[in-house]
$ cat target.pdb   # PDB, C-alpha atoms and all ligand atoms
ATOM      1  CA  LEU V   1     -29.530  17.343  69.192
ATOM      2  CA  ASN V   2     -27.697  19.487  66.634
ATOM      3  CA  GLU V   3     -29.942  22.401  67.539
ATOM      4  CA  GLY V   4     -29.010  21.915  71.183
ATOM      5  CA  ILE V   5     -25.311  22.054  70.357
ATOM      6  CA  GLN V   6     -25.826  25.200  68.292
ATOM      7  CA  LEU V   7     -27.685  26.835  71.152
ATOM      8  CA  GLY V   8     -24.916  25.882  73.578
ATOM      9  CA  ARG V   9     -22.268  27.385  71.309
ATOM     10  CA  LYS V  10     -24.263  30.560  70.973
ATOM     11  CA  GLU V  11     -24.620  30.883  74.727
ATOM     12  CA  THR V  12     -20.931  30.175  75.304
ATOM     13  CA  LEU V  13     -19.905  32.836  72.809
ATOM     14  CA  ALA V  14     -22.332  35.339  74.301
ATOM     15  CA  SER V  15     -21.125  34.847  77.847
ATOM     16  CA  MET V  16     -17.463  35.040  76.813
ATOM     17  CA  CYS V  17     -18.096  38.234  74.891
ATOM     18  CA  ASP V  18     -20.165  39.769  77.691
ATOM     19  CA  GLU V  19     -17.342  39.095  80.139
ATOM     20  CA  ARG V  20     -14.697  40.684  77.904
ATOM     21  CA  ALA V  21     -16.821  43.690  77.055
ATOM     22  CA  ARG V  22     -17.592  44.274  80.717
ATOM     23  CA  MET V  23     -13.905  43.992  81.671
ATOM     24  CA  LEU V  24     -12.795  46.424  79.007
ATOM     25  CA  GLN V  25     -15.525  48.909  79.829
ATOM     26  CA  ASP V  26     -14.874  48.696  83.589
ATOM     27  CA  GLN V  27     -11.137  49.213  83.195
ATOM     28  CA  PHE V  28     -11.738  52.129  80.889
ATOM     29  CA  ASN V  29     -14.148  53.643  83.399
ATOM     30  CA  VAL V  30     -11.682  53.176  86.278
ATOM     31  CA  SER V  31      -8.911  54.941  84.420
ATOM     32  CA  MET V  32     -11.242  57.719  83.295
ATOM     33  CA  ASN V  33     -12.108  58.428  86.943
ATOM     34  CA  HIS V  34      -8.440  58.624  87.856
ATOM     35  CA  VAL V  35      -7.667  60.951  84.961
ATOM     36  CA  HIS V  36     -10.509  63.148  86.219
ATOM     37  CA  ALA V  37      -8.936  63.119  89.701
ATOM     38  CA  LEU V  38      -5.579  64.121  88.166
ATOM     39  CA  SER V  39      -7.231  67.158  86.579
ATOM     40  CA  ILE V  40      -8.381  68.205  90.080
ATOM     41  CA  LEU V  41      -4.872  67.596  91.418
ATOM     42  CA  VAL V  42      -3.467  69.984  88.803
ATOM     43  CA  SER V  43      -6.202  72.519  89.543
ATOM     44  CA  THR V  44      -5.425  72.394  93.275
ATOM     45  CA  PHE V  45      -1.635  72.259  93.286
ATOM     46  CA  TYR V  46      -0.623  73.968  90.045
ATOM     47  CA  HIS V  47      -3.250  76.695  89.659
ATOM     48  CA  GLY V  48      -4.341  76.872  93.314
ATOM     49  CA  LYS V  49      -0.864  77.750  94.670
ATOM     50  CA  GLN V  50       1.324  80.752  93.961
ATOM     51  CA  PRO V  51       3.962  79.731  92.942
ATOM     52  CA  PRO V  52       2.659  76.354  91.657
ATOM     53  CA  ALA V  53       3.311  73.453  94.032
ATOM     54  CA  ILE V  54       3.821  70.965  91.155
ATOM     55  CA  ASP V  55       6.688  70.921  88.706
ATOM     56  CA  GLN V  56       7.621  68.371  86.033
ATOM     57  CA  LYS V  57       9.635  66.299  88.503
ATOM     58  CA  THR V  58       6.721  65.969  90.957
ATOM     59  CA  PHE V  59       4.156  65.360  88.218
ATOM     60  CA  GLY V  60       6.432  62.777  86.560
ATOM     61  CA  GLU V  61       6.976  60.840  89.786
ATOM     62  CA  TYR V  62       3.363  61.030  90.920
ATOM     63  CA  THR V  63       1.905  59.906  87.600
ATOM     64  CA  GLU V  64       4.451  57.093  87.212
ATOM     65  CA  GLN V  65       3.755  55.755  90.712
ATOM     66  CA  THR V  66      -0.019  55.912  90.235
ATOM     67  CA  SER V  67      -0.071  54.506  86.700
ATOM     68  CA  PHE V  68      -1.544  51.237  88.039
ATOM     69  CA  GLU V  69      -4.692  53.289  88.744
ATOM     70  CA  ARG V  70      -5.122  54.024  85.040
ATOM     71  CA  PRO V  71      -5.314  50.708  83.233
ATOM     72  CA  LEU V  72      -5.198  50.835  79.416
ATOM     73  CA  THR V  73      -3.538  54.290  79.360
ATOM     74  CA  SER V  74      -0.076  54.771  77.916
ATOM     75  CA  GLY V  75       0.497  58.149  79.554
ATOM     76  CA  VAL V  76      -0.982  61.358  80.945
ATOM     77  CA  ALA V  77       0.018  64.957  80.338
ATOM     78  CA  TYR V  78      -1.059  68.502  81.154
ATOM     79  CA  ALA V  79      -1.293  71.253  78.542
ATOM     80  CA  LEU V  80      -1.583  74.878  79.647
ATOM     81  CA  ARG V  81      -3.883  77.354  77.925
ATOM     82  CA  VAL V  82      -1.666  80.166  76.589
ATOM     83  CA  HIS V  83      -3.137  83.217  74.809
ATOM     84  CA  HIS V  84      -1.127  84.755  72.015
ATOM     85  CA  TYR V  85      -0.420  87.938  73.996
ATOM     86  CA  GLU V  86       1.217  85.765  76.723
ATOM     87  CA  ARG V  87       3.267  83.651  74.330
ATOM     88  CA  GLU V  88       6.548  85.534  74.457
ATOM     89  CA  LYS V  89       6.553  85.732  78.255
ATOM     90  CA  PHE V  90       5.572  82.050  78.501
ATOM     91  CA  GLU V  91       8.322  80.915  76.133
ATOM     92  CA  LYS V  92      10.958  82.992  77.921
ATOM     93  CA  GLU V  93       9.907  81.572  81.301
ATOM     94  CA  HIS V  94      10.019  77.977  80.082
ATOM     95  CA  GLY V  95      13.107  78.346  77.947
ATOM     96  CA  TRP V  96      11.524  76.747  74.882
ATOM     97  CA  THR V  97       9.200  77.711  72.035
ATOM     98  CA  ILE V  98       5.696  76.317  71.555
ATOM     99  CA  LYS V  99       5.970  73.613  68.857
ATOM    100  CA  LYS V 100       3.650  72.562  66.082
ATOM    101  CA  MET V 101       2.516  68.941  66.053
ATOM    102  CA  GLU V 102       4.154  66.845  63.353
ATOM    103  CA  THR V 103       1.507  65.387  61.053
ATOM    104  CA  GLU V 104       1.521  62.250  58.943
ATOM    105  CA  ASP V 105       2.125  63.870  55.592
ATOM    106  CA  GLN V 106       5.131  65.881  56.752
ATOM    107  CA  ASP V 107       8.667  64.764  56.057
ATOM    108  CA  GLN V 108       9.545  62.361  58.856
ATOM    109  CA  THR V 109      13.270  62.454  58.079
ATOM    110  CA  LEU V 110      13.462  66.084  59.159
ATOM    111  CA  ALA V 111      12.004  65.341  62.547
ATOM    112  CA  GLN V 112      13.126  61.854  63.394
ATOM    113  CA  ASP V 113      11.741  60.411  66.624
ATOM    114  CA  CYS V 114       9.472  63.471  66.903
ATOM    115  CA  ASP V 115      12.183  65.083  69.023
ATOM    116  CA  PRO V 116      10.582  68.404  70.002
ATOM    117  CA  GLU V 117      13.967  70.031  69.321
ATOM    118  CA  ASN V 118      13.438  69.303  65.637
ATOM    119  CA  LEU V 119       9.855  70.484  65.392
ATOM    120  CA  ASP V 120       8.753  73.803  63.893
ATOM    121  CA  PRO V 121       7.477  76.568  66.156
ATOM    122  CA  SER V 122       3.705  76.794  66.228
ATOM    123  CA  PRO V 123       2.449  79.441  63.773
ATOM    124  CA  ILE V 124       0.564  82.402  65.248
ATOM    125  CA  HIS V 125      -2.907  81.663  66.662
ATOM    126  CA  ASP V 126      -5.209  83.336  69.200
ATOM    127  CA  GLU V 127      -4.317  80.680  71.736
ATOM    128  CA  TYR V 128      -2.205  77.555  72.221
ATOM    129  CA  ALA V 129      -2.179  74.448  74.416
ATOM    130  CA  PRO V 130       1.482  73.534  74.973
ATOM    131  CA  VAL V 131       2.169  70.474  77.152
ATOM    132  CA  ILE V 132       4.088  71.532  80.274
ATOM    133  CA  LEU V 133       3.794  68.423  82.494
ATOM    134  CA  SER V 134       3.956  64.800  81.421
ATOM    135  CA  GLN V 135       4.281  61.231  82.587
ATOM    136  CA  GLU V 136       7.721  59.987  81.476
ATOM    137  CA  THR V 137       6.101  57.605  78.947
ATOM    138  CA  VAL V 138       4.804  60.560  76.877
ATOM    139  CA  SER V 139       7.617  63.068  77.489
ATOM    140  CA  HIS V 140       7.944  63.482  73.687
ATOM    141  CA  ILE V 141       4.827  65.697  73.663
ATOM    142  CA  VAL V 142       6.229  68.317  76.099
ATOM    143  CA  SER V 143       6.226  71.787  74.453
ATOM    144  CA  ILE V 144       3.929  70.664  71.605
ATOM    145  CA  ASP V 145       0.788  72.755  71.034
ATOM    146  CA  MET V 146      -2.045  70.231  71.341
ATOM    147  CA  MET V 147      -4.345  72.623  69.475
ATOM    148  CA  SER V 148      -2.200  72.102  66.378
ATOM    149  CA  GLY V 149      -3.388  68.499  66.001
ATOM    150  CA  LYS V 150      -6.878  68.010  64.550
ATOM    151  CA  GLU V 151      -8.112  65.314  66.947
ATOM    152  CA  ASP V 152      -6.484  66.838  70.036
ATOM    153  CA  ARG V 153      -7.869  70.268  69.146
ATOM    154  CA  GLU V 154     -11.438  69.001  68.711
ATOM    155  CA  ASN V 155     -11.164  67.220  72.061
ATOM    156  CA  ILE V 156      -9.898  70.353  73.823
ATOM    157  CA  LEU V 157     -12.745  72.480  72.457
ATOM    158  CA  ARG V 158     -15.385  69.911  73.363
ATOM    159  CA  ALA V 159     -13.900  69.221  76.829
ATOM    160  CA  ARG V 160     -13.802  72.853  77.902
ATOM    161  CA  ALA V 161     -17.298  73.728  76.644
ATOM    162  CA  SER V 162     -18.864  70.665  78.286
ATOM    163  CA  GLY V 163     -16.908  70.165  81.504
ATOM    164  CA  LYS V 164     -17.035  66.412  80.817
ATOM    165  CA  GLY V 165     -14.379  63.893  79.904
ATOM    166  CA  VAL V 166     -14.316  63.586  76.112
ATOM    167  CA  LEU V 167     -12.772  61.080  73.719
ATOM    168  CA  THR V 168     -11.257  61.474  70.253
ATOM    169  CA  SER V 169     -11.959  59.197  67.326
ATOM    170  CA  PRO V 170      -9.212  56.641  66.861
ATOM    171  CA  PHE V 171      -6.074  58.166  65.271
ATOM    172  CA  LYS V 172      -2.378  57.383  65.051
ATOM    173  CA  LEU V 173      -0.764  58.727  68.221
ATOM    174  CA  LEU V 174       2.650  60.377  68.137
ATOM    175  CA  LYS V 175       5.510  57.865  68.453
ATOM    176  CA  SER V 176       3.115  54.961  68.129
ATOM    177  CA  ASN V 177       2.376  52.674  65.214
ATOM    178  CA  HIS V 178      -1.144  51.908  66.348
ATOM    179  CA  LEU V 179      -4.461  53.646  66.471
ATOM    180  CA  GLY V 180      -5.236  55.121  69.842
ATOM    181  CA  VAL V 181      -7.639  57.551  71.484
ATOM    182  CA  VAL V 182      -7.101  60.561  73.745
ATOM    183  CA  LEU V 183      -9.279  61.387  76.772
ATOM    184  CA  THR V 184      -9.377  65.073  77.813
ATOM    185  CA  PHE V 185     -10.662  66.936  80.878
ATOM    186  CA  ALA V 186     -10.565  70.727  81.013
ATOM    187  CA  VAL V 187      -9.130  72.475  84.084
ATOM    188  CA  TYR V 188     -10.923  75.675  85.219
ATOM    189  CA  ASN V 189      -9.691  78.583  87.329
ATOM    190  CA  THR V 190     -12.876  78.923  89.354
ATOM    191  CA  HIS V 191     -15.332  76.535  90.847
ATOM    192  CA  LEU V 192     -18.016  76.259  88.194
ATOM    193  CA  LEU V 193     -21.546  75.255  89.005
ATOM    194  CA  GLN V 194     -22.925  72.054  87.521
ATOM    195  CA  ASP V 195     -25.151  74.115  85.201
ATOM    196  CA  ALA V 196     -22.521  76.639  84.032
ATOM    197  CA  THR V 197     -22.967  77.654  80.384
ATOM    198  CA  PRO V 198     -20.435  76.687  77.695
ATOM    199  CA  GLU V 199     -19.400  80.379  77.494
ATOM    200  CA  GLN V 200     -18.714  80.532  81.241
ATOM    201  CA  ARG V 201     -16.726  77.299  80.978
ATOM    202  CA  ILE V 202     -14.653  78.439  78.006
ATOM    203  CA  LYS V 203     -13.838  81.702  79.757
ATOM    204  CA  ALA V 204     -12.751  79.946  82.966
ATOM    205  CA  THR V 205     -10.516  77.390  81.175
ATOM    206  CA  VAL V 206      -6.845  77.371  82.175
ATOM    207  CA  GLY V 207      -5.621  74.037  80.801
ATOM    208  CA  TYR V 208      -6.271  70.462  79.668
ATOM    209  CA  LEU V 209      -5.420  67.174  81.333
ATOM    210  CA  GLY V 210      -5.248  64.333  78.852
ATOM    211  CA  ALA V 211      -4.553  60.621  78.729
ATOM    212  CA  SER V 212      -3.610  58.557  75.706
ATOM    213  CA  TYR V 213      -4.860  55.027  75.156
ATOM    214  CA  ASP V 214      -2.821  52.807  72.870
ATOM    215  CA  VAL V 215      -5.786  50.547  72.182
ATOM    216  CA  PRO V 216      -4.268  47.525  70.392
ATOM    217  CA  SER V 217      -1.451  46.836  72.852
ATOM    218  CA  LEU V 218      -3.519  47.587  75.927
ATOM    219  CA  VAL V 219      -6.576  45.556  74.888
ATOM    220  CA  GLU V 220      -4.200  42.729  73.956
ATOM    221  CA  LYS V 221      -2.710  42.831  77.449
ATOM    222  CA  LEU V 222      -6.173  42.821  79.013
ATOM    223  CA  LEU V 223      -7.482  39.884  76.961
ATOM    224  CA  HIS V 224      -4.267  37.985  77.510
ATOM    225  CA  GLN V 225      -5.097  37.759  81.199
ATOM    226  CA  LEU V 226      -8.018  35.552  80.227
ATOM    227  CA  ALA V 227      -7.476  32.111  78.818
ATOM    228  CA  SER V 228      -9.312  31.122  75.630
ATOM    229  CA  LYS V 229      -7.456  33.395  73.236
ATOM    230  CA  GLN V 230      -7.357  30.165  71.249
ATOM    231  CA  THR V 231     -11.137  29.922  71.202
ATOM    232  CA  ILE V 232     -12.489  33.322  70.236
ATOM    233  CA  ILE V 233     -11.537  36.327  68.124
ATOM    234  CA  VAL V 234     -12.277  39.768  69.542
ATOM    235  CA  ASN V 235     -12.643  43.012  67.580
ATOM    236  CA  VAL V 236     -13.228  46.493  68.949
ATOM    237  CA  TYR V 237     -14.739  49.195  66.732
ATOM    238  CA  ASP V 238     -15.510  52.882  66.937
ATOM    239  CA  THR V 239     -19.021  52.867  65.451
ATOM    240  CA  THR V 240     -19.789  56.571  65.969
ATOM    241  CA  ASN V 241     -20.274  56.829  62.213
ATOM    242  CA  ILE V 242     -22.213  53.627  61.659
ATOM    243  CA  SER V 243     -21.537  53.595  57.918
ATOM    244  CA  ALA V 244     -17.785  53.969  58.452
ATOM    245  CA  ALA V 245     -16.829  51.954  61.535
ATOM    246  CA  ILE V 246     -13.161  52.146  62.512
ATOM    247  CA  ARG V 247     -11.454  48.966  63.664
ATOM    248  CA  MET V 248      -9.419  49.719  66.790
ATOM    249  CA  TYR V 249      -8.466  46.200  67.765
ATOM    250  CA  GLY V 250      -8.337  42.726  66.264
ATOM    251  CA  PRO V 251      -7.804  41.081  62.882
ATOM    252  CA  ASP V 252      -9.744  41.655  59.664
ATOM    253  CA  GLU V 253     -13.178  40.261  60.357
ATOM    254  CA  ILE V 254     -14.000  37.161  58.338
ATOM    255  CA  ASP V 255     -17.346  35.426  58.283
ATOM    256  CA  THR V 256     -17.204  32.360  60.497
ATOM    257  CA  GLY V 257     -20.914  32.204  61.114
ATOM    258  CA  LEU V 258     -21.814  33.054  64.673
ATOM    259  CA  VAL V 259     -20.992  36.568  65.911
ATOM    260  CA  LYS V 260     -21.867  38.249  69.237
ATOM    261  CA  ILE V 261     -21.959  42.046  69.363
ATOM    262  CA  ASN V 262     -21.732  44.042  72.610
ATOM    263  CA  SER V 263     -21.933  47.796  72.793
ATOM    264  CA  LEU V 264     -19.227  49.405  74.942
ATOM    265  CA  ASP V 265     -19.755  52.527  77.031
ATOM    266  CA  PHE V 266     -16.523  54.505  77.317
ATOM    267  CA  GLY V 267     -18.172  57.411  79.108
ATOM    268  CA  ASP V 268     -18.452  59.901  76.221
ATOM    269  CA  PRO V 269     -22.020  59.843  74.856
ATOM    270  CA  ALA V 270     -20.793  61.446  71.608
ATOM    271  CA  ARG V 271     -18.811  58.283  70.753
ATOM    272  CA  LYS V 272     -20.083  54.768  70.141
ATOM    273  CA  HIS V 273     -18.013  51.607  70.470
ATOM    274  CA  GLU V 274     -18.677  47.918  69.950
ATOM    275  CA  MET V 275     -17.025  44.608  70.669
ATOM    276  CA  HIS V 276     -17.532  41.783  68.158
ATOM    277  CA  CYS V 277     -16.721  38.223  69.173
ATOM    278  CA  ARG V 278     -16.509  35.097  67.005
ATOM    279  CA  PHE V 279     -15.296  31.541  67.423
ATOM    280  CA  LYS V 280     -11.994  30.869  65.695
ATOM    281  CA  GLN V 281     -13.269  27.660  64.187
ATOM    282  CA  ARG V 282     -16.566  26.479  62.809
ATOM    283  CA  PRO V 283     -18.005  23.557  64.811
TER     284      PRO V 283
HETATM  285  N1  LIG B   1      -0.966  62.363  74.118
HETATM  286  C1  LIG B   1      -0.081  61.396  73.732
HETATM  287  N2  LIG B   1       0.191  61.112  72.451
HETATM  288  C2  LIG B   1      -0.442  61.821  71.510
HETATM  289  C3  LIG B   1      -1.362  62.828  71.838
HETATM  290  C4  LIG B   1      -1.619  63.096  73.189
HETATM  291  N3  LIG B   1      -2.500  64.053  73.555
HETATM  292  N4  LIG B   1      -1.831  63.347  70.665
HETATM  293  C5  LIG B   1      -1.199  62.679  69.657
HETATM  294  N5  LIG B   1      -0.366  61.761  70.151
HETATM  295  C6  LIG B   1      -2.402  66.832  76.969
HETATM  296  O1  LIG B   1      -5.903  66.921  75.771
HETATM  297  C7  LIG B   1      -4.719  67.364  76.348
HETATM  298  C8  LIG B   1      -2.679  64.469  74.919
HETATM  299  C9  LIG B   1      -3.455  65.763  74.944
HETATM  300  C10 LIG B   1      -3.668  66.290  76.351
END

$ encode --input "target.pdb" --output "structure tokens" --more "lines below"
Ligand code: WA2
Amino acid sequence: LNEGIQLGRKETLASMCDERARMLQDQFNVSMNHVHALSILVSTFYHGKQPPAIDQKTFGEYTEQTSFERPLTSGVAYALRVHHYEREKFEKEHGWTIKKMETEDQDQTLAQDCDPENLDPSPIHDEYAPVILSQETVSHIVSIDMMSGKEDRENILRARASGKGVLTSPFKLLKSNHLGVVLTFAVYNTHLLQDATPEQRIKATVGYLGASYDVPSLVEKLLHQLASKQTIIVNVYDTTNISAAIRMYGPDEIDTGLVKINSLDFGDPARKHEMHCRFKQRP
């Protein structure tokens, strides 16, 4: 009889975890597809028209009104590829300088609220990726060079060489107290064939469309829609480096016996994620 109860508990936990993992993965996939579509929108209406047929006002309104299409995201933005020889002209045209991203170890009191007005100009590099269009929710990143942040830079380089949507490891997003991830799609100036080489892709790159995911608050919102928060504890991990998993959501894991592990597919084969589910109480 006891064995039967144990088996029932195990099955209950497994089905609850499967359901949550599937929901999270599906919602992530849906928003990834819409971010991809946004990168085509920018390609068509910003780069495909002379002068561009999208400005900040249009992009801001469009992305705000379609935000329901991108569950789990906290905002989307577009960063333009600017070579150093174009910098002066670019800055004059936009009326602002390209800014360096504020990092953790820098003095926060000098740049309170990450107001771009208080940030330092980006030091000289071959190229930059300043944000020129943003959803209102992430307007604080406008004018910041996304290549000046380690995680954002790695994503940009990987996105443009691959032509695929790519994800960062979890890191503390600007103006957020939680760990989040950024999804990036490169925008190209020509129609590239499916089998274009990385070199052809890099050469044709004109910008980067990105979305930020504030994982803890957005996963919380998702799981809240389901009852049973009282029954099970859910954790989400980035397990790309199996010996140093990063907890993205949920409390410190304590051993309560039974645990169900589901792998999550967030669409970037270079990153691995898992959901761990446990009962709150022992039987
Ligand atoms: N978006 C929002 N908050 C952030 C962030 C980011 N990156 N990086 C750090 N905090 C415009 O890949 C291009 C968005 C980067 C895209």

$ residues_near_ligand --input "target.pdb" --ligand "ligand LIG 1 (chain B)" --cutoff "6 Å" --atoms "all atoms listed in the file" --output "PyMOL selection string"
chain V and resi 77-79+131+138+146+152+156+173-174+182+184+208-212

$ axis_aligned_box --input "target.pdb" --around "region 60-65 of chain V" --padding-each-side "5 Å" --output "lines of an AutoDock Vina configuration file"
center_x = 4.4
center_y = 59.3
center_z = 88.7
size_x = 15.1
size_y = 17.0
size_z = 14.4

$ residues_near_point --input "target.pdb" --point "(-12.7, 79.8, 89.8)" --cutoff "12 Å" --atoms "all atoms listed in the file" --output "list in words"
Ser43, Thr44, His47, Gly48, Val187, Tyr188, Asn189, Thr190, His191, Leu192, Leu193, Ala196, Gln200, Arg201, Lys203, Ala204, Thr205 and Val206 of chain V

$ atom_distance --input "target.pdb" --atom1 "CA of Cys277 (chain V)" --atom2 "CA of Ala245 (chain V)"
15.7 Å

$ atom_distance --input "target.pdb" --atom1 "CA of Thr63 (chain V)" --atom2 "CA of Ser134 (chain V)"
8.1 Å

$ atom_distance --input "target.pdb" --atom1 "CA of Ile144 (chain V)" --atom2 "CA of Pro130 (chain V)"
5.1 Å

$ residues_around --input "target.pdb" --residues "region 237-241 of chain V" --least-positions-apart "3" --cutoff "12 Å" --atoms "all atoms listed in the file" --output "PyMOL selection string"
chain V and resi 21+167-171+179-181+215-216+234+244-253+261-266+268-277

$ resolve_selection --input "target.pdb" --expression "the PyMOL selection byres (((chain V and resi 1-14) around 8) and not hetatm)" --output "compact mmCIF listing (two decimals) with C-alpha atoms, in the coordinates of the input"
# COMPACT_ATOMS: atom_id res chain seq x y z
CA SER V 15 -21.12 34.85 77.85
CA MET V 16 -17.46 35.04 76.81
CA CYS V 17 -18.10 38.23 74.89
CA ASP V 18 -20.16 39.77 77.69
CA ILE V 232 -12.49 33.32 70.24
CA LEU V 258 -21.81 33.05 64.67
CA VAL V 259 -20.99 36.57 65.91
CA LYS V 260 -21.87 38.25 69.24
CA CYS V 277 -16.72 38.22 69.17
CA ARG V 278 -16.51 35.10 67.00
CA PHE V 279 -15.30 31.54 67.42

$ residues_around --input "target.pdb" --residues "Pro198 (chain V)" --least-positions-apart "3" --cutoff "8 Å" --atoms "only C-alpha atoms" --output "PDB file with C-alpha atoms, in the frame of the given file"
ATOM      1  CA  ARG V 160     -13.802  72.853  77.902  1.00  0.00           C
ATOM      2  CA  ALA V 161     -17.298  73.728  76.644  1.00  0.00           C
ATOM      3  CA  SER V 162     -18.864  70.665  78.286  1.00  0.00           C
ATOM      4  CA  ARG V 201     -16.726  77.299  80.978  1.00  0.00           C
ATOM      5  CA  ILE V 202     -14.653  78.439  78.006  1.00  0.00           C
TER       6      ILE V 202
END

$ resolve_selection --input "target.pdb" --expression "the PyMOL selection byres (((chain V and resi 83) around 10) and not hetatm)" --output "PyMOL selection string"
chain V and resi 80-82+84-88+90+125-129

$ resolve_selection --input "target.pdb" --expression "the PyMOL selection byres (((chain V and resi 55) around 12) and not hetatm)" --output "number ranges by chain"
V: 42, 45-47, 49, 51-54, 56-62, 78, 94, 132-135

$ decode --input "target.pdb" --residues "region 9-31 of chain V" --atoms "N, CA and C atoms" --output "compact mmCIF listing (two decimals), in the first residue's frame"
# COMPACT_ATOMS: atom_id res chain seq x y z
N ARG V 9 2.50 9.55 -5.74
CA ARG V 9 3.13 10.86 -5.50
C ARG V 9 4.14 11.18 -6.60
N LYS V 10 4.90 10.17 -6.96
CA LYS V 10 5.92 10.34 -7.98
C LYS V 10 5.29 10.73 -9.31
N GLU V 11 4.19 10.06 -9.62
CA GLU V 11 3.50 10.36 -10.89
C GLU V 11 2.87 11.74 -10.87
N THR V 12 2.31 12.12 -9.73
CA THR V 12 1.71 13.45 -9.60
C THR V 12 2.76 14.53 -9.80
N LEU V 13 3.89 14.36 -9.13
CA LEU V 13 4.97 15.35 -9.25
C LEU V 13 5.46 15.44 -10.69
N ALA V 14 5.62 14.27 -11.32
CA ALA V 14 6.11 14.25 -12.70
C ALA V 14 5.16 14.97 -13.64
N SER V 15 3.86 14.72 -13.48
CA SER V 15 2.93 15.34 -14.42
C SER V 15 2.82 16.85 -14.16
N MET V 16 2.92 17.25 -12.90
CA MET V 16 2.89 18.70 -12.61
C MET V 16 4.12 19.39 -13.18
N CYS V 17 5.26 18.73 -13.06
CA CYS V 17 6.49 19.33 -13.55
C CYS V 17 6.51 19.38 -15.09
N ASP V 18 6.05 18.28 -15.69
CA ASP V 18 5.97 18.24 -17.16
C ASP V 18 5.13 19.40 -17.68
N GLU V 19 3.99 19.61 -17.03
CA GLU V 19 3.07 20.66 -17.47
C GLU V 19 3.72 22.04 -17.38
N ARG V 20 4.40 22.29 -16.26
CA ARG V 20 5.05 23.60 -16.07
C ARG V 20 6.22 23.81 -17.02
N ALA V 21 6.98 22.76 -17.22
CA ALA V 21 8.13 22.86 -18.13
C ALA V 21 7.65 23.13 -19.55
N ARG V 22 6.59 22.43 -19.93
CA ARG V 22 6.05 22.61 -21.28
C ARG V 22 5.51 24.02 -21.46
N MET V 23 4.79 24.53 -20.45
CA MET V 23 4.26 25.89 -20.53
C MET V 23 5.36 26.92 -20.68
N LEU V 24 6.38 26.78 -19.86
CA LEU V 24 7.48 27.76 -19.89
C LEU V 24 8.19 27.72 -21.24
N GLN V 25 8.46 26.52 -21.70
CA GLN V 25 9.16 26.35 -22.97
C GLN V 25 8.32 26.87 -24.14
N ASP V 26 7.02 26.59 -24.12
CA ASP V 26 6.14 27.06 -25.20
C ASP V 26 6.07 28.58 -25.23
N GLN V 27 5.92 29.19 -24.06
CA GLN V 27 5.83 30.65 -24.01
C GLN V 27 7.13 31.28 -24.46
N PHE V 28 8.23 30.66 -24.09
CA PHE V 28 9.53 31.18 -24.50
C PHE V 28 9.64 31.10 -26.02
N ASN V 29 9.23 29.97 -26.57
CA ASN V 29 9.29 29.75 -28.01
C ASN V 29 8.41 30.75 -28.78
N VAL V 30 7.20 30.99 -28.24
CA VAL V 30 6.29 31.96 -28.87
C VAL V 30 6.94 33.34 -28.91
N SER V 31 7.52 33.76 -27.81
CA SER V 31 8.08 35.11 -27.80
C SER V 31 9.33 35.18 -28.67
